[in-house]
$ cat run_28.cif   # mmCIF, C-alpha atoms
data_input
loop_
_atom_site.group_PDB
_atom_site.id
_atom_site.type_symbol
_atom_site.label_atom_id
_atom_site.label_comp_id
_atom_site.auth_asym_id
_atom_site.auth_seq_id
_atom_site.Cartn_x
_atom_site.Cartn_y
_atom_site.Cartn_z
ATOM 1 C CA MET A 1 93.592 17.685 172.785
ATOM 2 C CA SER A 2 92.257 20.938 171.338
ATOM 3 C CA GLU A 3 93.438 22.824 174.415
ATOM 4 C CA ILE A 4 96.956 21.447 173.908
ATOM 5 C CA VAL A 5 96.907 22.543 170.245
ATOM 6 C CA ARG A 6 95.643 26.000 171.203
ATOM 7 C CA ALA A 7 98.353 26.300 173.836
ATOM 8 C CA GLN A 8 101.025 25.291 171.322
ATOM 9 C CA ARG A 9 99.714 27.803 168.773
ATOM 10 C CA LYS A 10 99.600 30.516 171.397
ATOM 11 C CA LYS A 11 103.179 29.737 172.374
ATOM 12 C CA SER A 12 104.252 29.781 168.711
ATOM 13 C CA TYR A 13 102.509 33.124 168.104
ATOM 14 C CA GLY A 14 104.176 34.502 171.225
ATOM 15 C CA LYS A 15 107.624 33.508 169.952
ATOM 16 C CA GLN A 16 106.929 35.028 166.517
ATOM 17 C CA PHE A 17 105.713 38.290 168.092
ATOM 18 C CA ALA A 18 108.749 38.436 170.376
ATOM 19 C CA LYS A 19 111.034 37.877 167.367
ATOM 20 C CA PHE A 20 109.221 40.586 165.401
ATOM 21 C CA LYS A 21 109.511 42.962 168.351
ATOM 22 C CA ARG A 22 113.270 42.406 168.507
ATOM 23 C CA GLU A 23 113.569 43.033 164.754
ATOM 24 C CA ILE A 24 111.508 46.260 164.682
ATOM 25 C CA PRO A 25 114.654 48.464 164.324
ATOM 26 C CA LEU A 26 115.696 46.393 161.286
ATOM 27 C CA HIS A 27 112.257 46.809 159.713
ATOM 28 C CA ILE A 28 112.435 50.558 160.327
ATOM 29 C CA MET A 29 115.816 50.658 158.564
ATOM 30 C CA LEU A 30 114.173 49.083 155.492
ATOM 31 C CA ILE A 31 111.550 51.827 155.176
ATOM 32 C CA PRO A 32 113.742 54.339 153.213
ATOM 33 C CA SER A 33 114.740 51.618 150.726
ATOM 34 C CA ILE A 34 111.116 50.532 150.301
ATOM 35 C CA VAL A 35 110.038 54.122 149.681
ATOM 36 C CA ILE A 36 112.804 54.667 147.097
ATOM 37 C CA VAL A 37 111.970 51.425 145.291
ATOM 38 C CA PHE A 38 108.270 52.329 145.263
ATOM 39 C CA ILE A 39 108.898 55.825 143.893
ATOM 40 C CA TYR A 40 111.470 54.949 141.236
ATOM 41 C CA HIS A 41 110.397 51.413 140.270
ATOM 42 C CA TYR A 42 106.677 50.982 140.879
ATOM 43 C CA LEU A 43 105.181 54.423 140.245
ATOM 44 C CA PRO A 44 106.812 54.687 136.778
ATOM 45 C CA MET A 45 105.014 51.459 135.843
ATOM 46 C CA PHE A 46 101.912 53.578 135.198
ATOM 47 C CA GLY A 47 103.739 54.642 132.035
ATOM 48 C CA ILE A 48 103.087 51.160 130.590
ATOM 49 C CA ILE A 49 99.714 52.451 129.454
ATOM 50 C CA MET A 50 101.531 54.512 126.786
ATOM 51 C CA ALA A 51 102.266 51.304 124.898
ATOM 52 C CA PHE A 52 98.537 50.919 124.242
ATOM 53 C CA GLN A 53 97.799 54.548 123.333
ATOM 54 C CA ARG A 54 98.448 57.078 120.625
ATOM 55 C CA PHE A 55 100.184 59.024 123.325
ATOM 56 C CA ASN A 56 100.128 62.794 123.296
ATOM 57 C CA PRO A 57 102.095 64.523 126.100
ATOM 58 C CA ILE A 58 99.624 67.409 126.089
ATOM 59 C CA LEU A 59 96.667 65.065 126.694
ATOM 60 C CA SER A 60 98.594 62.959 129.278
ATOM 61 C CA PHE A 61 97.918 59.308 130.112
ATOM 62 C CA TRP A 62 94.269 59.797 130.905
ATOM 63 C CA SER A 63 93.111 61.538 127.715
ATOM 64 C CA SER A 64 95.317 60.038 124.987
ATOM 65 C CA PRO A 65 93.294 57.759 122.641
ATOM 66 C CA PHE A 66 93.493 54.021 123.289
ATOM 67 C CA ILE A 67 94.605 52.017 120.226
ATOM 68 C CA GLY A 68 95.134 48.545 121.682
ATOM 69 C CA LEU A 69 98.033 46.539 120.250
ATOM 70 C CA LYS A 70 98.688 48.756 117.245
ATOM 71 C CA ASN A 71 102.014 50.009 118.645
ATOM 72 C CA PHE A 72 103.201 46.431 119.053
ATOM 73 C CA VAL A 73 102.179 45.610 115.471
ATOM 74 C CA ASP A 74 104.110 48.659 114.287
ATOM 75 C CA ILE A 75 107.324 47.844 116.158
ATOM 76 C CA LEU A 76 107.232 44.195 115.076
ATOM 77 C CA SER A 77 107.153 45.373 111.459
ATOM 78 C CA MET A 78 110.210 47.610 112.005
ATOM 79 C CA LYS A 79 113.510 46.391 110.571
ATOM 80 C CA ASP A 80 115.400 48.266 113.298
ATOM 81 C CA PHE A 81 113.473 46.386 115.990
ATOM 82 C CA TRP A 82 114.529 42.932 114.816
ATOM 83 C CA ARG A 83 118.106 44.083 114.311
ATOM 84 C CA ALA A 84 118.174 45.435 117.885
ATOM 85 C CA PHE A 85 116.471 42.283 119.171
ATOM 86 C CA ASN A 86 119.060 39.986 117.563
ATOM 87 C CA ASN A 87 121.965 42.177 118.702
ATOM 88 C CA SER A 88 120.628 42.210 122.284
ATOM 89 C CA PHE A 89 120.539 38.426 122.392
ATOM 90 C CA ILE A 90 123.941 37.929 120.771
ATOM 91 C CA ILE A 91 125.810 40.543 122.808
ATOM 92 C CA ALA A 92 124.180 39.580 126.114
ATOM 93 C CA PHE A 93 124.749 35.857 125.472
ATOM 94 C CA LEU A 94 128.448 36.425 124.737
ATOM 95 C CA LYS A 95 128.775 38.591 127.841
ATOM 96 C CA ILE A 96 127.142 35.944 130.028
ATOM 97 C CA ILE A 97 129.304 33.096 128.712
ATOM 98 C CA CYS A 98 132.568 35.046 128.925
ATOM 99 C CA GLY A 99 131.508 36.810 132.140
ATOM 100 C CA LEU A 100 131.137 33.439 133.865
ATOM 101 C CA SER A 101 133.913 31.353 132.319
ATOM 102 C CA VAL A 102 136.728 33.929 132.592
ATOM 103 C CA PRO A 103 136.134 34.801 136.283
ATOM 104 C CA LEU A 104 135.729 31.100 137.089
ATOM 105 C CA LEU A 105 139.063 30.289 135.458
ATOM 106 C CA MET A 106 140.725 33.281 137.131
ATOM 107 C CA ALA A 107 139.337 32.258 140.533
ATOM 108 C CA LEU A 108 140.756 28.762 140.117
ATOM 109 C CA LEU A 109 144.159 30.193 139.138
ATOM 110 C CA ILE A 110 144.204 32.729 141.979
ATOM 111 C CA ASN A 111 143.261 29.982 144.423
ATOM 112 C CA GLU A 112 146.419 28.097 143.442
ATOM 113 C CA ILE A 113 148.681 31.052 144.333
ATOM 114 C CA ARG A 114 150.497 30.308 147.580
ATOM 115 C CA TRP A 115 152.213 33.689 148.059
ATOM 116 C CA ASN A 116 149.494 35.553 149.974
ATOM 117 C CA LYS A 117 150.867 39.053 149.381
ATOM 118 C CA PHE A 118 150.981 38.536 145.627
ATOM 119 C CA LYS A 119 147.560 36.868 145.764
ATOM 120 C CA ARG A 120 145.985 39.898 147.475
ATOM 121 C CA THR A 121 147.674 42.259 145.009
ATOM 122 C CA VAL A 122 146.255 40.351 142.037
ATOM 123 C CA GLN A 123 142.757 40.288 143.552
ATOM 124 C CA THR A 124 142.817 44.015 144.273
ATOM 125 C CA SER A 125 144.113 44.995 140.812
ATOM 126 C CA ILE A 126 141.473 42.856 139.080
ATOM 127 C CA PHE A 127 138.680 44.197 141.297
ATOM 128 C CA LEU A 128 139.483 47.903 140.859
ATOM 129 C CA PRO A 129 137.785 48.444 137.438
ATOM 130 C CA TYR A 130 134.474 47.274 138.939
ATOM 131 C CA PHE A 131 134.262 50.493 140.977
ATOM 132 C CA LEU A 132 134.649 52.751 137.932
ATOM 133 C CA SER A 133 131.623 53.807 135.890
ATOM 134 C CA TRP A 134 131.400 53.408 132.128
ATOM 135 C CA THR A 135 131.533 57.183 131.870
ATOM 136 C CA VAL A 136 135.163 56.948 132.994
ATOM 137 C CA LEU A 137 136.075 53.619 131.427
ATOM 138 C CA GLY A 138 134.393 54.592 128.149
ATOM 139 C CA GLY A 139 136.876 57.413 127.696
ATOM 140 C CA VAL A 140 139.755 55.060 128.511
ATOM 141 C CA VAL A 141 138.533 52.485 125.977
ATOM 142 C CA GLN A 142 138.076 55.157 123.299
ATOM 143 C CA GLN A 143 141.629 56.378 123.824
ATOM 144 C CA ILE A 144 143.076 52.845 123.742
ATOM 145 C CA PHE A 145 141.316 51.904 120.485
ATOM 146 C CA ALA A 146 141.561 55.311 118.782
ATOM 147 C CA LEU A 147 143.465 55.717 115.492
ATOM 148 C CA ASP A 148 146.339 57.347 117.377
ATOM 149 C CA GLY A 149 145.939 55.076 120.406
ATOM 150 C CA PRO A 150 148.427 52.491 121.693
ATOM 151 C CA ILE A 151 146.830 49.544 119.839
ATOM 152 C CA ASN A 152 147.044 51.225 116.427
ATOM 153 C CA THR A 153 150.508 52.549 117.272
ATOM 154 C CA ILE A 154 151.713 48.964 117.771
ATOM 155 C CA ILE A 155 150.020 47.923 114.514
ATOM 156 C CA ARG A 156 151.710 50.763 112.597
ATOM 157 C CA ASN A 157 155.110 50.028 114.099
ATOM 158 C CA THR A 158 154.850 46.387 113.043
ATOM 159 C CA GLY A 159 153.996 47.348 109.468
ATOM 160 C CA GLY A 160 150.250 46.817 109.674
ATOM 161 C CA GLU A 161 147.373 49.036 108.588
ATOM 162 C CA GLU A 162 145.428 51.110 111.096
ATOM 163 C CA ILE A 163 142.012 49.785 112.162
ATOM 164 C CA MET A 164 139.050 51.920 113.192
ATOM 165 C CA PHE A 165 138.044 49.514 115.962
ATOM 166 C CA LEU A 166 135.081 51.504 117.328
ATOM 167 C CA ALA A 167 133.680 52.105 113.836
ATOM 168 C CA SER A 168 134.051 48.540 112.613
ATOM 169 C CA ASN A 169 131.132 46.091 112.814
ATOM 170 C CA SER A 170 133.654 43.258 112.778
ATOM 171 C CA TRP A 171 135.491 44.455 115.893
ATOM 172 C CA PHE A 172 132.891 46.329 117.918
ATOM 173 C CA ARG A 173 131.167 43.333 119.524
ATOM 174 C CA PHE A 174 134.515 41.850 120.505
ATOM 175 C CA ILE A 175 135.483 45.136 122.186
ATOM 176 C CA LEU A 176 132.136 45.281 124.008
ATOM 177 C CA VAL A 177 132.479 41.766 125.400
ATOM 178 C CA PHE A 178 136.185 42.106 126.223
ATOM 179 C CA THR A 179 135.816 45.408 128.088
ATOM 180 C CA ASP A 180 132.665 44.257 129.906
ATOM 181 C CA VAL A 181 134.441 41.131 131.169
ATOM 182 C CA TRP A 182 137.481 43.197 132.144
ATOM 183 C CA LYS A 183 135.338 45.620 134.152
ATOM 184 C CA GLY A 184 133.044 43.155 135.903
ATOM 185 C CA MET A 185 135.038 39.979 136.421
ATOM 186 C CA GLY A 186 136.520 41.125 139.730
ATOM 187 C CA TYR A 187 133.099 40.923 141.380
ATOM 188 C CA ASN A 188 132.427 37.353 140.210
ATOM 189 C CA ILE A 189 135.958 36.312 141.155
ATOM 190 C CA ILE A 190 135.259 37.360 144.744
ATOM 191 C CA ILE A 191 132.051 35.294 144.729
ATOM 192 C CA PHE A 192 133.806 32.227 143.314
ATOM 193 C CA LEU A 193 136.735 32.534 145.726
ATOM 194 C CA ALA A 194 134.273 32.716 148.622
ATOM 195 C CA ALA A 195 132.656 29.523 147.321
ATOM 196 C CA ILE A 196 136.046 27.821 147.179
ATOM 197 C CA THR A 197 136.786 28.689 150.814
ATOM 198 C CA SER A 198 133.585 26.902 151.883
ATOM 199 C CA ILE A 199 134.834 23.551 150.522
ATOM 200 C CA ASP A 200 135.994 21.101 153.209
ATOM 201 C CA PRO A 201 139.848 21.025 153.241
ATOM 202 C CA ALA A 202 139.692 17.342 154.237
ATOM 203 C CA LEU A 203 138.602 16.536 150.693
ATOM 204 C CA TYR A 204 141.859 17.964 149.330
ATOM 205 C CA GLU A 205 143.884 16.072 151.922
ATOM 206 C CA ALA A 206 142.168 12.828 150.929
ATOM 207 C CA ALA A 207 142.843 13.547 147.261
ATOM 208 C CA GLN A 208 146.537 14.156 147.981
ATOM 209 C CA ILE A 209 146.763 10.838 149.817
ATOM 210 C CA ASP A 210 145.175 9.140 146.787
ATOM 211 C CA GLY A 211 147.778 10.758 144.520
ATOM 212 C CA GLY A 212 145.591 13.415 142.926
ATOM 213 C CA ASN A 213 147.500 16.415 141.565
ATOM 214 C CA ARG A 214 146.277 20.024 141.680
ATOM 215 C CA LEU A 215 144.538 19.785 138.329
ATOM 216 C CA ARG A 216 142.564 16.703 139.340
ATOM 217 C CA GLN A 217 141.700 18.279 142.687
ATOM 218 C CA SER A 218 140.317 21.330 140.902
ATOM 219 C CA TRP A 219 138.298 19.183 138.494
ATOM 220 C CA HIS A 220 136.905 16.635 140.964
ATOM 221 C CA ILE A 221 136.645 18.707 144.170
ATOM 222 C CA THR A 222 136.753 22.465 143.563
ATOM 223 C CA LEU A 223 134.378 22.678 140.586
ATOM 224 C CA PRO A 224 131.746 20.285 142.061
ATOM 225 C CA GLY A 225 131.951 22.201 145.347
ATOM 226 C CA MET A 226 131.354 25.482 143.519
ATOM 227 C CA ARG A 227 128.441 24.093 141.520
ATOM 228 C CA PRO A 228 125.610 25.733 143.554
ATOM 229 C CA ILE A 229 127.214 29.185 143.292
ATOM 230 C CA ILE A 230 127.938 28.744 139.578
ATOM 231 C CA ILE A 231 124.286 27.808 138.984
ATOM 232 C CA LEU A 232 123.109 30.758 141.065
ATOM 233 C CA VAL A 233 125.303 33.291 139.246
ATOM 234 C CA ALA A 234 124.331 31.856 135.853
ATOM 235 C CA THR A 235 120.626 31.935 136.737
ATOM 236 C CA LEU A 236 120.786 35.562 137.848
ATOM 237 C CA ALA A 237 122.679 36.441 134.664
ATOM 238 C CA ILE A 238 120.085 34.758 132.424
ATOM 239 C CA GLY A 239 117.433 36.988 133.975
ATOM 240 C CA GLY A 240 119.175 39.955 132.379
ATOM 241 C CA LEU A 241 119.730 38.266 129.023
ATOM 242 C CA LEU A 242 118.196 41.169 127.107
ATOM 243 C CA ASN A 243 120.145 43.766 129.116
ATOM 244 C CA ALA A 244 123.136 43.899 126.822
ATOM 245 C CA GLY A 245 124.587 46.936 128.591
ATOM 246 C CA PHE A 246 122.984 50.242 127.599
ATOM 247 C CA GLU A 247 125.473 52.540 129.343
ATOM 248 C CA GLN A 248 128.536 50.860 127.833
ATOM 249 C CA ILE A 249 127.113 50.705 124.300
ATOM 250 C CA PHE A 250 125.653 54.216 124.426
ATOM 251 C CA ILE A 251 129.057 55.676 125.306
ATOM 252 C CA LEU A 252 131.063 53.666 122.762
ATOM 253 C CA TYR A 253 128.831 53.177 119.719
ATOM 254 C CA SER A 254 128.091 55.364 116.697
ATOM 255 C CA PRO A 255 125.747 55.129 113.668
ATOM 256 C CA SER A 256 128.455 53.265 111.739
ATOM 257 C CA VAL A 257 128.109 50.245 114.074
ATOM 258 C CA TYR A 258 124.317 50.196 114.478
ATOM 259 C CA GLN A 259 124.270 46.981 112.464
ATOM 260 C CA SER A 260 126.204 45.067 115.140
ATOM 261 C CA ALA A 261 125.670 47.138 118.296
ATOM 262 C CA ASP A 262 122.164 48.601 118.256
ATOM 263 C CA ILE A 263 120.189 46.923 121.076
ATOM 264 C CA LEU A 264 116.638 47.257 122.406
ATOM 265 C CA ASP A 265 117.633 49.819 125.056
ATOM 266 C CA THR A 266 119.369 52.095 122.551
ATOM 267 C CA LEU A 267 116.398 51.694 120.202
ATOM 268 C CA VAL A 268 114.068 52.820 123.001
ATOM 269 C CA TYR A 269 116.345 55.813 123.600
ATOM 270 C CA ARG A 270 116.294 56.847 119.939
ATOM 271 C CA LEU A 271 112.569 56.298 119.489
ATOM 272 C CA GLY A 272 111.556 58.051 122.687
ATOM 273 C CA LEU A 273 114.044 60.866 123.216
ATOM 274 C CA ILE A 274 115.465 61.520 119.751
ATOM 275 C CA ASN A 275 112.447 60.869 117.501
ATOM 276 C CA SER A 276 109.799 61.724 120.139
ATOM 277 C CA ARG A 277 107.860 58.517 119.395
ATOM 278 C CA LEU A 278 107.029 57.832 123.014
ATOM 279 C CA ALA A 279 104.303 55.224 122.489
ATOM 280 C CA PRO A 280 106.376 52.894 120.248
ATOM 281 C CA ALA A 281 109.318 53.321 122.638
ATOM 282 C CA ALA A 282 107.093 52.262 125.541
ATOM 283 C CA ALA A 283 105.916 49.263 123.491
ATOM 284 C CA VAL A 284 109.513 48.152 122.860
ATOM 285 C CA GLY A 285 110.332 48.538 126.554
ATOM 286 C CA LEU A 286 107.253 46.561 127.620
ATOM 287 C CA PHE A 287 108.005 43.814 125.097
ATOM 288 C CA LYS A 288 111.537 43.519 126.470
ATOM 289 C CA SER A 289 110.328 43.449 130.083
ATOM 290 C CA ALA A 290 107.730 40.764 129.382
ATOM 291 C CA LEU A 291 110.240 38.574 127.567
ATOM 292 C CA SER A 292 112.788 39.084 130.367
ATOM 293 C CA LEU A 293 110.176 37.964 132.902
ATOM 294 C CA VAL A 294 109.627 34.760 130.920
ATOM 295 C CA LEU A 295 113.389 34.137 130.736
ATOM 296 C CA VAL A 296 113.758 34.669 134.502
ATOM 297 C CA GLY A 297 110.983 32.153 135.163
ATOM 298 C CA ILE A 298 112.523 29.569 132.817
ATOM 299 C CA ALA A 299 115.998 30.075 134.309
ATOM 300 C CA TYR A 300 114.839 29.697 137.918
ATOM 301 C CA TYR A 301 112.651 26.686 137.125
ATOM 302 C CA SER A 302 115.473 24.984 135.210
ATOM 303 C CA ALA A 303 117.987 25.632 137.981
ATOM 304 C CA TYR A 304 115.595 24.220 140.585
ATOM 305 C CA LYS A 305 114.458 21.275 138.474
ATOM 306 C CA PHE A 306 117.767 20.020 137.160
ATOM 307 C CA SER A 307 120.098 20.857 140.040
ATOM 308 C CA ASP A 308 120.755 18.458 142.904
ATOM 309 C CA TYR A 309 121.312 21.508 145.122
ATOM 310 C CA ARG A 310 118.364 23.502 146.388
ATOM 311 C CA ILE A 311 119.738 27.038 146.297
ATOM 312 C CA PHE A 312 116.431 28.908 146.043
#

$ encode --input "run_28.cif" --output "structure tokens"
Amino acid sequence: MSEIVRAQRKKSYGKQFAKFKREIPLHIMLIPSIVIVFIYHYLPMFGIIMAFQRFNPILSFWSSPFIGLKNFVDILSMKDFWRAFNNSFIIAFLKIICGLSVPLLMALLINEIRWNKFKRTVQTSIFLPYFLSWTVLGGVVQQIFALDGPINTIIRNTGGEEIMFLASNSWFRFILVFTDVWKGMGYNIIIFLAAITSIDPALYEAAQIDGGNRLRQSWHITLPGMRPIIILVATLAIGGLLNAGFEQIFILYSPSVYQSADILDTLVYRLGLINSRLAPAAAVGLFKSALSLVLVGIAYYSAYKFSDYRIF
């Protein structure tokens, strides 16, 4: 019996080695990506030690005095920290909700279009902003919402009073969420449309025979069929809950809207690069990373535990 087991194991190891040998070129292709990730993602993690030091650039990591958790105590007593923390949650939460619901609705509407040429045109036009950086789109948004921009021109022509949209705490979050959804929804629409194409057409035919209209087909067939992808996209989005969009906010915001737009990433930027308080900035960044790790774990566990579909 043992000889049979050894023979089976030997055969299994032989198959695995043969498979690995065939895939050697693919593994070689991964080496540059692994090196880049190691250099730009793992090596900088040595900087975490700054969060536990009274860091002095002249003394470097190895000679700066160790002060334990004092930097964390200091940042937790900062009013700016809690303002940035609350703004990060609120802005990111709004972006996640709108960034999922709007593309999902658009995907369902586009799926109902029967004129293929028009359908492709709509998909392409919606997807185009995704390829533009916030450096470009930020200038476009600033021009649109400027005092002499088209929005205020319409307001003036209709007898209204001009609004400083990008300097107003009441409007700034709305602009952030609206422009973020506008820029990124094309990507999620493609994902949702791909999920729709994987649904068995026989289900729609059966629904038509039973007298179900397009709305009922979407509710009872399309949405349940898309459920695994919706859960996956939502889970991945929750992992970045505290990433409220540094590049977008940094380009658009100003001190007048710190109250509603200052987030943890912009606080790290100001503490570290503007005020030269590198150790507290590292503490804020580490706090955010640790909390994000917890949120990722909770999101993945919840998706696995409460979903009937095993997507992980």

$ resolve_selection --input "run_28.cif" --expression "the PyMOL selection byres ((chain A and resi 50) around 8)" --output "tab-separated table (two decimals) with C-alpha atoms, in the coordinates of the input"
chain	number	residue	atom	x	y	z
A	47	GLY	CA	103.74	54.64	132.04
A	48	ILE	CA	103.09	51.16	130.59
A	49	ILE	CA	99.71	52.45	129.45
A	51	ALA	CA	102.27	51.30	124.90
A	52	PHE	CA	98.54	50.92	124.24
A	53	GLN	CA	97.80	54.55	123.33
A	54	ARG	CA	98.45	57.08	120.62
A	55	PHE	CA	100.18	59.02	123.32
A	61	PHE	CA	97.92	59.31	130.11
A	278	LEU	CA	107.03	57.83	123.01
A	279	ALA	CA	104.30	55.22	122.49
A	282	ALA	CA	107.09	52.26	125.54
A	283	ALA	CA	105.92	49.26	123.49

$ resolve_selection --input "run_28.cif" --expression "the PyMOL selection byres ((chain A and resi 270) around 12)" --output "MDAnalysis selection string"
chainID A and resid 80:81 84 250 255 258 262:269 271:278 280:282 284

$ write_last_selection --input "run_28.cif" --atoms "C-alpha atoms" --output "PDB file, in the coordinates of the input"
ATOM      1  CA  ASP A  80     115.400  48.266 113.298  1.00  0.00           C
ATOM      2  CA  PHE A  81     113.473  46.386 115.990  1.00  0.00           C
ATOM      3  CA  ALA A  84     118.174  45.435 117.885  1.00  0.00           C
ATOM      4  CA  PHE A 250     125.653  54.216 124.426  1.00  0.00           C
ATOM      5  CA  PRO A 255     125.747  55.129 113.668  1.00  0.00           C
ATOM      6  CA  TYR A 258     124.317  50.196 114.478  1.00  0.00           C
ATOM      7  CA  ASP A 262     122.164  48.601 118.256  1.00  0.00           C
ATOM      8  CA  ILE A 263     120.189  46.923 121.076  1.00  0.00           C
ATOM      9  CA  LEU A 264     116.638  47.257 122.406  1.00  0.00           C
ATOM     10  CA  ASP A 265     117.633  49.819 125.056  1.00  0.00           C
ATOM     11  CA  THR A 266     119.369  52.095 122.551  1.00  0.00           C
ATOM     12  CA  LEU A 267     116.398  51.694 120.202  1.00  0.00           C
ATOM     13  CA  VAL A 268     114.068  52.820 123.001  1.00  0.00           C
ATOM     14  CA  TYR A 269     116.345  55.813 123.600  1.00  0.00           C
ATOM     15  CA  LEU A 271     112.569  56.298 119.489  1.00  0.00           C
ATOM     16  CA  GLY A 272     111.556  58.051 122.687  1.00  0.00           C
ATOM     17  CA  LEU A 273     114.044  60.866 123.216  1.00  0.00           C
ATOM     18  CA  ILE A 274     115.465  61.520 119.751  1.00  0.00           C
ATOM     19  CA  ASN A 275     112.447  60.869 117.501  1.00  0.00           C
ATOM     20  CA  SER A 276     109.799  61.724 120.139  1.00  0.00           C
ATOM     21  CA  ARG A 277     107.860  58.517 119.395  1.00  0.00           C
ATOM     22  CA  LEU A 278     107.029  57.832 123.014  1.00  0.00           C
ATOM     23  CA  PRO A 280     106.376  52.894 120.248  1.00  0.00           C
ATOM     24  CA  ALA A 281     109.318  53.321 122.638  1.00  0.00           C
ATOM     25  CA  ALA A 282     107.093  52.262 125.541  1.00  0.00           C
ATOM     26  CA  VAL A 284     109.513  48.152 122.860  1.00  0.00           C
TER      27      VAL A 284
END

$ atom_distance --input "run_28.cif" --atom1 "atom CA of A:Phe192" --atom2 "atom CA of A:Ala207"
21.1 Å

$ atom_distance --input "run_28.cif" --atom1 "atom CA of A:Val177" --atom2 "atom CA of A:Ser125"
19.6 Å

$ residues_around --input "run_28.cif" --residues "A:Val294" --least-positions-apart "3" --cutoff "12 Å" --atoms "all atoms listed in the file" --output "JSON, numbers by chain"
{"A": [238, 239, 240, 241, 242, 287, 288, 289, 290, 291, 297, 298, 299, 300, 301]}

$ atom_distance --input "run_28.cif" --atom1 "atom CA of A:Pro129" --atom2 "atom CA of A:Val141"
12.2 Å

$ closest_residue --input "run_28.cif" --among "A:Leu109, A:Leu104, A:Ile221, A:Leu203" --to "A:Ile191" --atoms "only C-alpha atoms"
A:Leu104

$ axis_aligned_box --input "run_28.cif" --around "stretch 226-242 of chain A" --padding-each-side "4 Å" --output "JSON"
{"center_x": 124.4, "center_y": 32.6, "center_z": 135.3, "size_x": 21.9, "size_y": 25.1, "size_z": 24.4}

$ residues_around --input "run_28.cif" --residues "A:Tyr130" --least-positions-apart "4" --cutoff "9 Å" --atoms "all atoms listed in the file" --output "compact mmCIF listing (two decimals) with C-alpha atoms, in the coordinates of the input"
# COMPACT_ATOMS: atom_id res chain seq x y z
CA ILE A 126 141.47 42.86 139.08
CA TRP A 182 137.48 43.20 132.14
CA LYS A 183 135.34 45.62 134.15
CA GLY A 184 133.04 43.16 135.90
CA MET A 185 135.04 39.98 136.42
CA GLY A 186 136.52 41.12 139.73
CA TYR A 187 133.10 40.92 141.38

$ residues_around --input "run_28.cif" --residues "stretch 94-96 of chain A" --least-positions-apart "4" --cutoff "8 Å" --atoms "all atoms listed in the file" --output "MDAnalysis selection string"
chainID A and resid 90 100 177 180:181 234 237:238 241 244

$ closest_residue --input "run_28.cif" --among "A:Gly285, A:Gly139, A:Ala194, A:Tyr304" --to "A:Thr235" --atoms "all atoms listed in the file"
A:Tyr304

$ resolve_selection --input "run_28.cif" --expression "the PyMOL selection byres ((chain A and resi 111-118) around 12)" --output "VMD selection string"
chain A and resid 103 to 110 119 to 125 189 to 190 192 to 197 213 to 215 217 to 218 222

$ decode --input "run_28.cif" --residues "stretch 76-112 of chain A" --atoms "C-alpha atoms" --output "PDB file, in the first residue's frame"
ATOM      1  CA  LEU A  76      -4.785  61.965  18.886  1.00  0.00           C
ATOM      2  CA  SER A  77      -4.913  65.202  20.882  1.00  0.00           C
ATOM      3  CA  MET A  78      -4.816  67.305  17.685  1.00  0.00           C
ATOM      4  CA  LYS A  79      -8.074  68.926  16.595  1.00  0.00           C
ATOM      5  CA  ASP A  80      -6.934  68.800  12.961  1.00  0.00           C
ATOM      6  CA  PHE A  81      -6.454  65.030  13.194  1.00  0.00           C
ATOM      7  CA  TRP A  82     -10.039  64.293  14.208  1.00  0.00           C
ATOM      8  CA  ARG A  83     -11.379  66.726  11.627  1.00  0.00           C
ATOM      9  CA  ALA A  84      -9.333  64.976   8.916  1.00  0.00           C
ATOM     10  CA  PHE A  85     -10.366  61.566  10.256  1.00  0.00           C
ATOM     11  CA  ASN A  86     -14.085  62.410  10.104  1.00  0.00           C
ATOM     12  CA  ASN A  87     -13.760  64.002   6.656  1.00  0.00           C
ATOM     13  CA  SER A  88     -11.903  60.932   5.336  1.00  0.00           C
ATOM     14  CA  PHE A  89     -14.698  58.635   6.455  1.00  0.00           C
ATOM     15  CA  ILE A  90     -17.521  60.847   5.196  1.00  0.00           C
ATOM     16  CA  ILE A  91     -16.010  61.634   1.794  1.00  0.00           C
ATOM     17  CA  ALA A  92     -14.823  58.071   1.153  1.00  0.00           C
ATOM     18  CA  PHE A  93     -18.174  56.605   2.259  1.00  0.00           C
ATOM     19  CA  LEU A  94     -20.096  58.914  -0.090  1.00  0.00           C
ATOM     20  CA  LYS A  95     -17.719  58.072  -2.932  1.00  0.00           C
ATOM     21  CA  ILE A  96     -18.142  54.337  -2.361  1.00  0.00           C
ATOM     22  CA  ILE A  97     -21.948  54.485  -2.229  1.00  0.00           C
ATOM     23  CA  CYS A  98     -22.287  56.743  -5.277  1.00  0.00           C
ATOM     24  CA  GLY A  99     -19.381  55.043  -7.077  1.00  0.00           C
ATOM     25  CA  LEU A 100     -21.221  51.717  -6.902  1.00  0.00           C
ATOM     26  CA  SER A 101     -24.869  52.712  -7.289  1.00  0.00           C
ATOM     27  CA  VAL A 102     -24.455  55.111 -10.240  1.00  0.00           C
ATOM     28  CA  PRO A 103     -22.357  52.739 -12.410  1.00  0.00           C
ATOM     29  CA  LEU A 104     -24.700  49.866 -11.531  1.00  0.00           C
ATOM     30  CA  LEU A 105     -27.726  51.877 -12.642  1.00  0.00           C
ATOM     31  CA  MET A 106     -25.915  53.061 -15.778  1.00  0.00           C
ATOM     32  CA  ALA A 107     -24.885  49.490 -16.634  1.00  0.00           C
ATOM     33  CA  LEU A 108     -28.488  48.329 -16.347  1.00  0.00           C
ATOM     34  CA  LEU A 109     -29.654  51.194 -18.586  1.00  0.00           C
ATOM     35  CA  ILE A 110     -26.910  50.642 -21.169  1.00  0.00           C
ATOM     36  CA  ASN A 111     -27.733  46.937 -21.225  1.00  0.00           C
ATOM     37  CA  GLU A 112     -31.281  47.793 -22.303  1.00  0.00           C
TER      38      GLU A 112
END
